[in-house]
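Structure below is entry31.txt: compact mmCIF, C-alpha atoms.
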```
# COMPACT_ATOMS: atom_id res chain seq x y z
CA MET A 258 2.76 15.00 -34.96
CA ASN A 259 6.08 14.93 -33.20
CA VAL A 260 5.64 14.09 -29.49
CA ALA A 261 8.63 13.65 -27.20
CA ILE A 262 8.60 12.07 -23.74
CA VAL A 263 11.41 13.31 -21.50
CA LYS A 264 13.64 10.35 -20.63
CA TYR A 265 15.12 10.54 -17.16
CA ASN A 266 15.56 8.38 -14.05
CA ALA A 267 11.86 8.04 -13.27
CA GLY A 268 9.40 5.25 -13.74
CA ASN A 269 6.20 5.28 -15.75
CA LEU A 270 7.67 6.48 -19.06
CA TYR A 271 6.31 3.49 -20.95
CA SER A 272 2.75 3.79 -19.61
CA VAL A 273 2.53 7.24 -21.14
CA SER A 274 4.06 5.97 -24.35
CA HIS A 275 1.51 3.13 -24.55
CA ALA A 276 -1.35 5.56 -23.92
CA LEU A 277 -0.22 7.81 -26.77
CA LYS A 278 0.15 4.81 -29.09
CA ARG A 279 -3.45 3.85 -28.31
CA LEU A 280 -4.40 7.34 -29.54
CA GLY A 281 -2.47 6.77 -32.76
CA VAL A 282 0.62 8.83 -31.88
CA GLU A 283 4.07 7.24 -31.92
CA PRO A 284 6.05 9.19 -29.30
CA CYS A 285 9.81 9.36 -28.97
CA ILE A 286 11.31 8.78 -25.52
CA THR A 287 14.45 10.88 -25.38
CA ALA A 288 16.84 12.97 -23.31
CA ASN A 289 18.37 14.51 -26.45
CA PRO A 290 18.12 18.34 -26.21
CA GLN A 291 17.72 18.85 -29.98
CA THR A 292 14.92 16.29 -30.22
CA LEU A 293 13.11 17.81 -27.24
CA LEU A 294 13.47 21.38 -28.59
CA ALA A 295 12.19 20.31 -32.01
CA ALA A 296 9.15 18.36 -30.74
CA ASP A 297 5.62 19.71 -31.28
CA LYS A 298 4.61 18.52 -27.81
CA VAL A 299 6.66 17.40 -24.83
CA ILE A 300 5.50 15.14 -22.00
CA PHE A 301 7.32 15.16 -18.67
CA PRO A 302 6.00 12.14 -16.75
CA GLY A 303 7.27 10.64 -13.55
CA VAL A 304 6.93 8.31 -10.65
CA GLY A 305 9.71 8.52 -8.11
CA GLU A 306 11.23 10.64 -5.39
CA ALA A 307 11.56 14.41 -5.85
CA ALA A 308 15.06 15.17 -4.54
CA ASN A 309 16.84 12.34 -6.38
CA THR A 310 15.01 13.08 -9.58
CA MET A 311 15.73 16.81 -9.36
CA ARG A 312 19.44 16.11 -8.85
CA HIS A 313 19.41 13.93 -11.97
CA LEU A 314 17.73 16.70 -14.00
CA GLN A 315 20.38 19.20 -12.87
CA GLN A 316 23.26 16.86 -13.65
CA THR A 317 21.96 16.24 -17.17
CA GLY A 318 21.04 19.87 -17.85
CA LEU A 319 17.44 18.84 -18.48
CA ASP A 320 16.30 21.34 -15.81
CA LYS A 321 17.27 24.39 -17.87
CA LEU A 322 16.14 22.79 -21.10
CA ILE A 323 12.62 22.05 -19.79
CA CYS A 324 12.24 25.65 -18.57
CA SER A 325 13.29 26.95 -21.98
CA LEU A 326 10.66 25.01 -23.94
CA ARG A 327 8.00 27.07 -25.70
CA GLN A 328 5.84 24.30 -27.17
CA PRO A 329 3.04 22.77 -25.03
CA LEU A 330 4.50 20.64 -22.22
CA LEU A 331 2.51 18.27 -20.03
CA GLY A 332 3.94 17.33 -16.63
CA ILE A 333 2.38 14.27 -14.98
CA CYS A 334 2.44 13.40 -11.25
CA LEU A 335 6.05 13.84 -10.06
CA GLY A 336 6.60 15.69 -13.36
CA MET A 337 4.02 18.23 -12.24
CA GLN A 338 5.52 18.54 -8.77
CA LEU A 339 9.01 19.15 -10.18
CA LEU A 340 7.63 22.04 -12.25
CA CYS A 341 6.72 23.80 -8.99
CA LYS A 342 8.87 26.06 -6.84
CA HIS A 343 9.79 23.72 -4.01
CA SER A 344 8.94 20.25 -2.70
CA GLU A 345 8.69 19.17 0.90
CA GLU A 346 9.72 15.70 -0.34
CA GLY A 347 13.49 15.77 0.19
CA ASP A 348 13.25 19.57 0.83
CA VAL A 349 14.30 20.36 -2.73
CA ASP A 350 13.82 23.32 -5.08
CA GLY A 351 11.97 22.49 -8.29
CA LEU A 352 11.99 24.15 -11.70
CA GLY A 353 9.84 27.05 -10.52
CA ILE A 354 7.46 27.27 -13.47
CA PHE A 355 4.49 27.25 -11.11
CA ASP A 356 4.78 29.56 -8.13
CA VAL A 357 3.58 27.05 -5.54
CA ASN A 358 5.21 24.74 -2.98
CA ILE A 359 4.53 21.00 -2.84
CA LEU A 360 3.45 19.78 0.61
CA ARG A 361 2.87 16.39 2.22
CA PHE A 362 -0.71 15.34 3.02
CA GLN A 363 -1.36 15.56 6.77
CA PRO A 364 -4.08 13.07 7.82
CA ARG A 365 -6.76 14.69 9.99
CA ASN A 366 -8.11 11.37 11.22
CA HIS A 367 -7.80 7.65 10.70
CA ASP A 368 -9.84 7.59 7.48
CA ASP A 369 -7.32 9.88 5.77
CA LYS A 370 -4.94 7.33 4.33
CA VAL A 371 -1.73 8.50 2.68
CA PRO A 372 -0.93 8.01 -0.20
CA HIS A 373 -4.09 9.29 -1.83
CA MET A 374 -4.61 6.28 -4.08
CA GLY A 375 -7.47 5.56 -6.45
CA TRP A 376 -10.16 7.30 -8.46
CA ASN A 377 -11.32 10.74 -7.41
CA THR A 378 -13.31 13.52 -9.06
CA LEU A 379 -12.20 16.73 -10.75
CA SER A 380 -13.99 20.01 -10.06
CA HIS A 381 -13.45 23.66 -11.09
CA THR A 382 -11.86 22.49 -14.33
CA GLN A 383 -10.70 25.24 -16.66
CA GLY A 384 -8.52 25.66 -19.73
CA GLU A 385 -7.99 23.66 -22.90
CA LEU A 386 -6.90 20.44 -21.19
CA PHE A 387 -10.44 20.05 -19.86
CA LYS A 388 -12.31 21.22 -22.93
CA GLY A 389 -15.72 19.54 -23.09
CA PHE A 390 -15.61 18.58 -19.40
CA THR A 391 -18.52 18.69 -17.06
CA ASP A 392 -17.61 18.54 -13.37
CA GLU A 393 -17.19 15.32 -11.43
CA GLU A 394 -15.26 13.19 -13.91
CA PHE A 395 -13.14 10.52 -12.20
CA VAL A 396 -9.37 10.25 -12.74
CA TYR A 397 -6.70 8.05 -11.15
CA PHE A 398 -4.34 9.40 -8.48
CA VAL A 399 -1.36 7.94 -6.58
CA HIS A 400 0.54 10.49 -4.50
CA SER A 401 1.52 11.50 -0.96
CA TYR A 402 2.42 15.12 -1.74
CA TYR A 403 0.19 17.79 -3.28
CA ALA A 404 0.13 21.29 -4.72
CA PRO A 405 -2.17 23.65 -2.80
CA ILE A 406 -4.78 25.71 -4.66
CA CYS A 407 -3.01 28.65 -6.34
CA PRO A 408 -3.55 31.13 -9.21
CA ASP A 409 -2.33 28.47 -11.72
CA THR A 410 -4.81 25.80 -10.54
CA ALA A 411 -6.65 24.38 -13.58
CA ALA A 412 -8.63 21.66 -11.76
CA GLN A 413 -9.32 20.81 -8.13
CA THR A 414 -9.78 17.55 -6.24
CA ASP A 415 -10.79 17.17 -2.61
CA TYR A 416 -8.85 14.69 -0.49
CA ILE A 417 -8.19 15.72 3.13
CA LEU A 418 -8.39 19.23 1.64
CA PRO A 419 -9.01 20.75 -1.80
CA PHE A 420 -5.75 20.67 -3.77
CA SER A 421 -4.55 21.31 -7.34
CA ALA A 422 -5.36 18.30 -9.52
CA ALA A 423 -4.00 20.25 -12.49
CA LEU A 424 -1.98 23.40 -13.10
CA GLN A 425 -1.53 25.57 -16.15
CA LYS A 426 0.58 28.60 -16.98
CA ASP A 427 1.45 29.73 -20.51
CA ASN A 428 2.62 26.64 -22.45
CA PHE A 429 3.06 24.55 -19.29
CA TYR A 430 0.28 22.08 -18.43
CA ALA A 431 0.40 19.63 -15.57
CA THR A 432 -1.73 16.99 -13.88
CA GLN A 433 -1.27 15.42 -10.46
CA PHE A 434 -3.35 12.43 -11.61
CA HIS A 435 -2.36 9.93 -14.29
CA PRO A 436 -4.28 10.56 -17.53
CA GLU A 437 -2.52 7.53 -19.03
CA LYS A 438 -4.21 5.32 -16.42
CA SER A 439 -7.53 7.15 -16.20
CA GLY A 440 -9.53 5.20 -18.76
CA SER A 441 -11.55 7.10 -21.34
CA VAL A 442 -11.54 10.35 -19.30
CA GLY A 443 -7.75 10.29 -19.30
CA GLU A 444 -7.77 9.70 -23.05
CA ARG A 445 -9.93 12.80 -23.55
CA ILE A 446 -7.40 14.86 -21.57
CA LEU A 447 -4.48 13.49 -23.59
CA ARG A 448 -6.39 14.17 -26.83
CA ASN A 449 -7.05 17.75 -25.70
CA PHE A 450 -3.34 18.16 -25.01
CA LEU A 451 -2.38 16.73 -28.38
CA ALA A 452 -4.86 19.10 -30.06
CA LEU A 453 -3.26 22.24 -28.54
CA MET B 224 -14.55 12.04 -2.88
CA LEU B 225 -12.24 9.06 -3.24
CA ALA B 226 -14.20 6.16 -4.79
CA LYS B 227 -14.39 2.61 -3.47
CA ARG B 228 -12.75 0.32 -6.03
CA ILE B 229 -13.98 -2.84 -7.75
CA ILE B 230 -11.11 -5.09 -8.79
CA PRO B 231 -11.54 -8.23 -10.90
CA CYS B 232 -8.74 -10.72 -10.34
CA LEU B 233 -7.53 -12.88 -13.22
CA ASP B 234 -5.63 -16.00 -12.24
CA ILE B 235 -3.16 -16.83 -15.00
CA LYS B 236 -1.77 -20.23 -15.89
CA ASP B 237 0.35 -20.65 -19.03
CA GLY B 238 -0.84 -17.26 -20.29
CA GLN B 239 -4.56 -18.09 -19.87
CA THR B 240 -7.04 -17.13 -17.16
CA VAL B 241 -8.28 -19.71 -14.70
CA LYS B 242 -10.14 -19.58 -11.41
CA GLY B 243 -9.71 -21.82 -8.41
CA THR B 244 -12.46 -22.70 -5.97
CA ASN B 245 -11.00 -22.87 -2.48
CA PHE B 246 -7.60 -22.71 -4.21
CA VAL B 247 -8.02 -26.08 -6.02
CA ASN B 248 -9.89 -27.45 -9.07
CA LEU B 249 -8.88 -24.91 -11.70
CA ARG B 250 -11.21 -24.10 -14.59
CA GLU B 251 -10.10 -22.35 -17.79
CA ALA B 252 -11.73 -19.01 -18.64
CA GLY B 253 -10.29 -17.03 -21.58
CA ASP B 254 -7.63 -14.66 -22.87
CA PRO B 255 -6.34 -12.33 -20.12
CA VAL B 256 -5.93 -9.23 -22.29
CA GLU B 257 -9.39 -9.55 -23.85
CA LEU B 258 -10.98 -10.24 -20.50
CA GLY B 259 -9.08 -7.35 -18.90
CA ARG B 260 -10.20 -4.96 -21.60
CA PHE B 261 -13.79 -6.15 -21.26
CA TYR B 262 -13.72 -5.54 -17.48
CA SER B 263 -12.15 -2.13 -17.97
CA GLN B 264 -14.93 -1.14 -20.38
CA GLU B 265 -17.53 -2.43 -17.93
CA GLY B 266 -16.14 -0.09 -15.27
CA ALA B 267 -13.53 -2.07 -13.33
CA ASP B 268 -11.30 0.36 -11.42
CA GLU B 269 -8.15 -1.78 -11.45
CA LEU B 270 -7.17 -5.27 -12.49
CA VAL B 271 -5.07 -7.92 -10.78
CA PHE B 272 -3.23 -10.57 -12.80
CA LEU B 273 -1.98 -13.42 -10.67
CA ASP B 274 0.54 -15.86 -12.12
CA ILE B 275 -0.42 -19.06 -10.36
CA THR B 276 2.14 -21.28 -12.04
CA ALA B 277 5.06 -18.92 -11.53
CA SER B 278 7.69 -21.54 -12.19
CA HIS B 279 11.05 -20.31 -13.38
CA GLU B 280 10.52 -21.36 -17.00
CA LYS B 281 7.05 -19.77 -17.19
CA ARG B 282 8.27 -16.33 -16.10
CA LYS B 283 8.92 -15.25 -19.66
CA THR B 284 5.35 -16.08 -20.74
CA PHE B 285 3.91 -14.06 -17.88
CA THR B 286 6.24 -11.09 -18.47
CA GLU B 287 5.17 -11.02 -22.11
CA LEU B 288 1.56 -11.07 -21.00
CA VAL B 289 2.23 -8.09 -18.69
CA GLU B 290 3.67 -6.21 -21.67
CA ARG B 291 0.54 -6.95 -23.72
CA VAL B 292 -1.71 -5.81 -20.87
CA ALA B 293 0.25 -2.57 -20.45
CA ALA B 294 0.00 -1.84 -24.16
CA ASN B 295 -3.74 -2.49 -24.37
CA ILE B 296 -5.38 -1.48 -21.10
CA ASN B 297 -5.87 2.08 -19.85
CA ILE B 298 -6.50 1.50 -16.13
CA PRO B 299 -4.01 0.54 -13.40
CA PHE B 300 -3.10 -3.10 -12.89
CA THR B 301 -1.30 -5.16 -10.29
CA VAL B 302 0.63 -8.35 -10.97
CA GLY B 303 1.49 -11.08 -8.51
CA GLY B 304 2.81 -14.61 -8.26
CA GLY B 305 6.40 -15.78 -8.27
CA ILE B 306 7.88 -12.53 -6.97
CA HIS B 307 10.77 -13.59 -4.77
CA GLU B 308 13.29 -10.78 -5.05
CA LEU B 309 13.75 -7.19 -6.16
CA SER B 310 14.80 -8.21 -9.68
CA ASP B 311 11.38 -9.85 -10.19
CA VAL B 312 9.70 -6.58 -9.21
CA GLU B 313 11.93 -4.60 -11.53
CA ARG B 314 11.20 -6.96 -14.44
CA LEU B 315 7.42 -6.69 -13.97
CA LEU B 316 7.40 -2.91 -13.47
CA GLN B 317 9.53 -2.50 -16.57
CA ALA B 318 7.05 -4.65 -18.46
CA GLY B 319 4.43 -2.04 -17.54
CA ALA B 320 2.76 -3.20 -14.30
CA ASP B 321 1.68 -0.39 -11.98
CA LYS B 322 1.93 -2.43 -8.78
CA VAL B 323 3.21 -5.80 -7.66
CA SER B 324 1.64 -8.07 -5.10
CA VAL B 325 3.83 -10.16 -2.79
CA ASN B 326 2.50 -12.91 -0.58
CA SER B 327 4.47 -15.95 0.65
CA SER B 328 7.83 -14.45 -0.27
CA ALA B 329 7.15 -11.43 1.97
CA LEU B 330 6.01 -13.63 4.84
CA ARG B 331 9.21 -15.67 4.50
CA ASN B 332 11.40 -12.62 3.98
CA PRO B 333 9.69 -9.46 5.33
CA GLN B 334 12.72 -7.37 4.32
CA LEU B 335 11.49 -7.70 0.72
CA ILE B 336 8.73 -5.18 1.53
CA ASP B 337 11.29 -2.61 2.74
CA GLU B 338 13.35 -3.16 -0.39
CA ILE B 339 10.41 -2.74 -2.78
CA ALA B 340 9.19 0.37 -0.97
CA SER B 341 12.58 2.04 -0.87
CA HIS B 342 13.44 1.26 -4.50
CA PHE B 343 10.10 1.84 -6.19
CA GLY B 344 7.87 3.51 -3.59
CA SER B 345 5.18 2.17 -1.29
CA GLN B 346 2.51 2.76 -3.93
CA VAL B 347 3.77 -0.19 -6.01
CA CYS B 348 3.87 -2.64 -3.09
CA VAL B 349 0.70 -4.62 -2.38
CA VAL B 350 1.09 -7.20 0.37
CA ALA B 351 -1.34 -10.08 -0.11
CA ILE B 352 -2.25 -12.15 2.94
CA ASP B 353 -4.10 -15.48 2.85
CA ALA B 354 -5.53 -16.12 6.29
CA LYS B 355 -7.88 -18.55 7.95
CA GLU B 356 -9.88 -18.15 11.13
CA THR B 357 -8.84 -20.88 13.56
CA PRO B 358 -9.73 -21.54 17.21
CA ASP B 359 -6.56 -19.53 17.97
CA GLY B 360 -7.63 -16.56 15.85
CA TRP B 361 -6.77 -15.52 12.28
CA LYS B 362 -3.58 -17.20 11.05
CA CYS B 363 -1.57 -16.58 7.88
CA TYR B 364 -0.94 -19.28 5.30
CA LEU B 365 1.81 -19.77 2.73
CA ASN B 366 1.80 -21.01 -0.86
CA GLY B 367 -1.83 -20.37 -1.78
CA GLY B 368 -3.11 -21.72 1.49
CA ARG B 369 -1.14 -24.96 1.54
CA ILE B 370 1.22 -24.27 4.43
CA GLU B 371 0.09 -23.07 7.83
CA THR B 372 2.21 -20.56 9.72
CA GLY B 373 1.84 -19.49 13.30
CA ARG B 374 1.71 -15.87 12.22
CA GLY B 375 -1.36 -13.84 13.23
CA LEU B 376 -3.15 -11.88 10.49
CA PHE B 377 -3.37 -8.54 12.32
CA GLU B 378 0.18 -8.62 13.62
CA TRP B 379 1.58 -9.45 10.16
CA ALA B 380 -0.56 -6.82 8.42
CA HIS B 381 0.75 -4.22 10.87
CA GLU B 382 4.34 -5.22 10.28
CA ALA B 383 3.82 -5.13 6.49
CA ALA B 384 2.39 -1.59 6.71
CA ASP B 385 5.25 -0.47 8.96
CA ARG B 386 7.77 -1.88 6.49
CA GLY B 387 6.30 0.18 3.66
CA ALA B 388 3.44 -1.80 2.08
CA GLY B 389 1.15 0.50 0.12
CA GLU B 390 -1.95 -1.69 0.42
CA ILE B 391 -3.03 -4.92 2.11
CA LEU B 392 -4.94 -7.48 0.03
CA PHE B 393 -6.62 -9.75 2.56
CA THR B 394 -8.09 -13.07 1.40
CA SER B 395 -10.13 -15.04 3.89
CA MET B 396 -9.62 -18.72 3.16
CA ASN B 397 -12.76 -19.53 5.12
CA HIS B 398 -14.79 -17.41 2.70
CA ASP B 399 -12.92 -17.87 -0.58
CA GLY B 400 -14.93 -19.79 -3.18
CA VAL B 401 -17.91 -20.20 -0.85
CA LYS B 402 -19.82 -17.13 -2.18
CA THR B 403 -21.47 -16.21 1.09
CA GLY B 404 -19.82 -12.81 1.51
CA TYR B 405 -16.50 -11.36 2.62
CA ALA B 406 -14.96 -11.70 6.10
CA ASN B 407 -16.41 -8.34 7.15
CA GLU B 408 -15.56 -8.44 10.83
CA ALA B 409 -11.87 -9.15 10.22
CA LEU B 410 -11.87 -6.61 7.38
CA ALA B 411 -13.23 -3.84 9.58
CA LYS B 412 -10.66 -4.65 12.23
CA LEU B 413 -7.89 -4.42 9.63
CA ALA B 414 -9.26 -1.21 8.12
CA ASP B 415 -9.49 0.41 11.56
CA ALA B 416 -6.01 -0.70 12.56
CA LEU B 417 -4.02 0.12 9.42
CA PRO B 418 -2.94 3.48 7.98
CA ILE B 419 -3.04 2.06 4.41
CA PRO B 420 -5.90 0.88 2.14
CA VAL B 421 -7.32 -2.62 2.58
CA ILE B 422 -8.58 -4.71 -0.34
CA ALA B 423 -11.22 -7.33 0.51
CA SER B 424 -10.89 -10.70 -1.20
CA GLY B 425 -12.66 -14.05 -0.95
CA GLY B 426 -16.36 -14.71 -0.67
CA ALA B 427 -18.19 -12.54 -3.21
CA GLY B 428 -21.31 -14.27 -4.52
CA ALA B 429 -23.88 -11.48 -4.75
CA MET B 430 -23.99 -7.70 -5.08
CA GLU B 431 -24.87 -7.17 -1.42
CA HIS B 432 -21.61 -8.87 -0.45
CA PHE B 433 -19.71 -5.99 -2.06
CA ARG B 434 -21.94 -3.45 -0.32
CA ASP B 435 -21.28 -5.15 3.03
CA ALA B 436 -17.50 -5.30 2.43
CA PHE B 437 -17.53 -1.51 1.99
CA LEU B 438 -20.13 -0.48 4.56
CA ILE B 439 -19.52 -3.10 7.28
CA GLY B 440 -16.00 -4.29 6.39
CA LYS B 441 -14.84 -0.68 5.72
CA ALA B 442 -12.73 -1.96 2.83
CA ASP B 443 -11.24 0.52 0.36
CA ALA B 444 -11.57 -1.93 -2.52
CA ALA B 445 -13.18 -5.30 -3.17
CA LEU B 446 -11.65 -7.99 -5.32
CA ALA B 447 -13.45 -10.92 -6.92
CA ALA B 448 -12.87 -13.40 -9.70
CA SER B 449 -15.42 -16.08 -10.55
CA VAL B 450 -18.57 -13.96 -10.12
CA PHE B 451 -17.17 -11.71 -12.84
CA HIS B 452 -15.61 -14.45 -15.01
CA PHE B 453 -18.77 -16.48 -15.27
CA GLY B 454 -20.98 -13.45 -15.79
CA GLU B 455 -22.87 -13.90 -12.53
CA ILE B 456 -22.31 -10.23 -11.68
CA ASN B 457 -21.94 -7.47 -14.24
CA ILE B 458 -19.54 -4.76 -13.01
CA SER B 459 -21.54 -1.91 -14.48
CA LYS B 460 -24.75 -3.09 -12.78
CA LEU B 461 -22.83 -3.76 -9.56
CA LYS B 462 -21.66 -0.16 -9.50
CA GLN B 463 -25.16 1.18 -10.06
CA TYR B 464 -26.34 -1.05 -7.22
CA LEU B 465 -23.57 0.21 -4.91
CA CYS B 466 -24.29 3.82 -5.83
CA ALA B 467 -27.97 3.27 -4.95
CA HIS B 468 -26.81 1.92 -1.57
CA ASN B 469 -24.72 4.99 -0.76
CA VAL B 470 -21.33 3.55 -1.63
CA ASN B 471 -19.23 6.11 -3.48
CA VAL B 472 -18.11 4.42 -6.70
CA ARG B 473 -16.84 5.62 -10.05
CA LEU B 474 -19.74 5.64 -12.51
CA ARG B 475 -19.23 6.29 -16.19
```
As structure tokens, what does this structure read like?
Amino acid sequence: MNVAIVKYNAGNLYSVSHALKRLGVEPCITANPQTLLAADKVIFPGVGEAANTMRHLQQTGLDKLICSLRQPLLGICLGMQLLCKHSEEGDVDGLGIFDVNILRFQPRNHDDKVPHMGWNTLSHTQGELFKGFTDEEFVYFVHSYYAPICPDTAAQTDYILPFSAALQKDNFYATQFHPEKSGSVGERILRNFLAL
Amino acid sequence: MLAKRIIPCLDIKDGQTVKGTNFVNLREAGDPVELGRFYSQEGADELVFLDITASHEKRKTFTELVERVAANINIPFTVGGGIHELSDVERLLQAGADKVSVNSSALRNPQLIDEIASHFGSQVCVVAIDAKETPDGWKCYLNGGRIETGRGLFEWAHEAADRGAGEILFTSMNHDGVKTGYANEALAKLADALPIPVIASGGAGAMEHFRDAFLIGKADAALAASVFHFGEINISKLKQYLCAHNVNVRLR
């Protein structure tokens, strides 16, 4: 199988690559449009800041390319947020695949620490990414911004409020959490994605 | 609900794990990658790898170890020791670490915290503080507890959080290696005062010490080394124990 990881100015590309290698897939990390278009699966990871990263995608033309992909694509963390309509982080427009705006967590009281960091549970899981899932599996999150619940929500997590832990629309899949750092549960999600 | 985390810490010297008691008398204890994988399978939520030699010439060995850990382990891990400037952070993150922990270098040069947070985000920046309770209150120490500073624990923790630290890893030198429990009173004070997660460190000797660090100390995570290394506490059993005592943990 031909899996491409979108190479751009964000961190965390190698963690995803290592995770795929552990599953027996040798991914290619690339910004080459032909390679990305020809891949069976594309992964759009990311740790970083939304506005800077979005600017980089526009300058390199990766923004239009990602939107044009028809094979299964998995956005992770910032990758997921950039697939949405707009982000409050840097007040920037995203790629608009998912019709939802990214907001910053607003603590209600002292116990609500931001970023949301650590292992939390998934509920209301649906779609192929979560095939074989029972509720309440733990996955690893690190983020200060979130996607509210919307028609594309494919899994929910509750922190301060229920938010979208995963989104799905057509061939676009996305997780706010890091499957590559989520132990065996994360591996099941990556396997489900690779099996699409 | 966000789970409380259990974090085994692996002290690394020349690419091998060791553990100090009260920061001296090191004992050897195995291959870091194997041990890390074992802990991960037992249910550890994160791992910390601390380079305790951290001399210039040993940096390469440790960076190679970080690469091996990143390739083999599927949970988040933090690395610390010998991080003096931004280029050290960049090198370790590129090798695959999820977070870096800074201690003495941040106390000497607090601006380092701002730099790490602005370049890589607060989530990668763990500020470790070694402190001892003295007649004048809790004071911070440098270089693994060897050099006393006048700096107060709570004041420094506040400043670190304001500068962009993502988490505070607080080690009580009074409790470290003694195995009579964590410094719960100071922990609770830190947890109440700070807007960021607090990791308890120093003093774990029995399962109830972890329970108390979470329920009394209000810690977000608890770190320990020797009780795990020498098999005195099994992480999987610890988590079942914590669950039975109403601590929300990740069970598998």
Using atom CA of B:Glu390 and atom CA of B:Thr286 as the two end points, give the distance in Å to one decimal.
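Interatomic distance, atom CA of B:Glu390 to atom CA of B:Thr286: 22.6 Å.
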May I have the protein, DNA and RNA residues with an atom at most 7 Å from (-2.6, 22.9, -26.1), counting all atoms listed in the file in the file's coordinates, returned as an MDAnalysis selection string?
chainID A and resid 329 385:386 449:453
For chain A, report every residue with an atom at most 9 Å from chain B (counting all atoms listed in the file), formatted as a PyMOL selection string.
chain A and resi 268-269+271-272+274-276+278-279+304-306+367-378+394-395+397+399-400+414-416+436-441+443-444
Calculated over all atoms listed in the file, which of the candidates A:Cys324, A:Lys298, A:Pro290, A:Leu340 has the smallest distance to A:Met311?
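So, comparing all the options, the nearest one is A:Leu340.
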Grab the atom CA of A:Val357 to atom CA of A:Arg445 distance for me, in Å with one decimal place.
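A separation of 26.6 Å between them.
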Hey, can you check how far atom CA of B:Phe272 sits from atom CA of B:Ile336?
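Interatomic distance, atom CA of B:Phe272 to atom CA of B:Ile336: 19.4 Å.
Within 10 Å of B:Asp237, once all atoms listed in the file are used and residues closer than 4 positions along the same chain are dropped, the contacting residues are Val241, Asp274, Ile275, Thr276, Ala277, Lys281, Arg282, Thr284, Phe285 and Leu288 of chain B.
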Spatial neighbours of B:Asn457, 10 Å, all atoms listed in the file, chain gap at least 6 places, as a ChimeraX atom specification
/B:262,265-266,430,450-451
Within 7 Å of A:Ala422, counting all atoms listed in the file, which residues qualify if same-chain residues fewer than 2 places away don't, as number ranges by chain?
A: 412-414, 420, 432-434
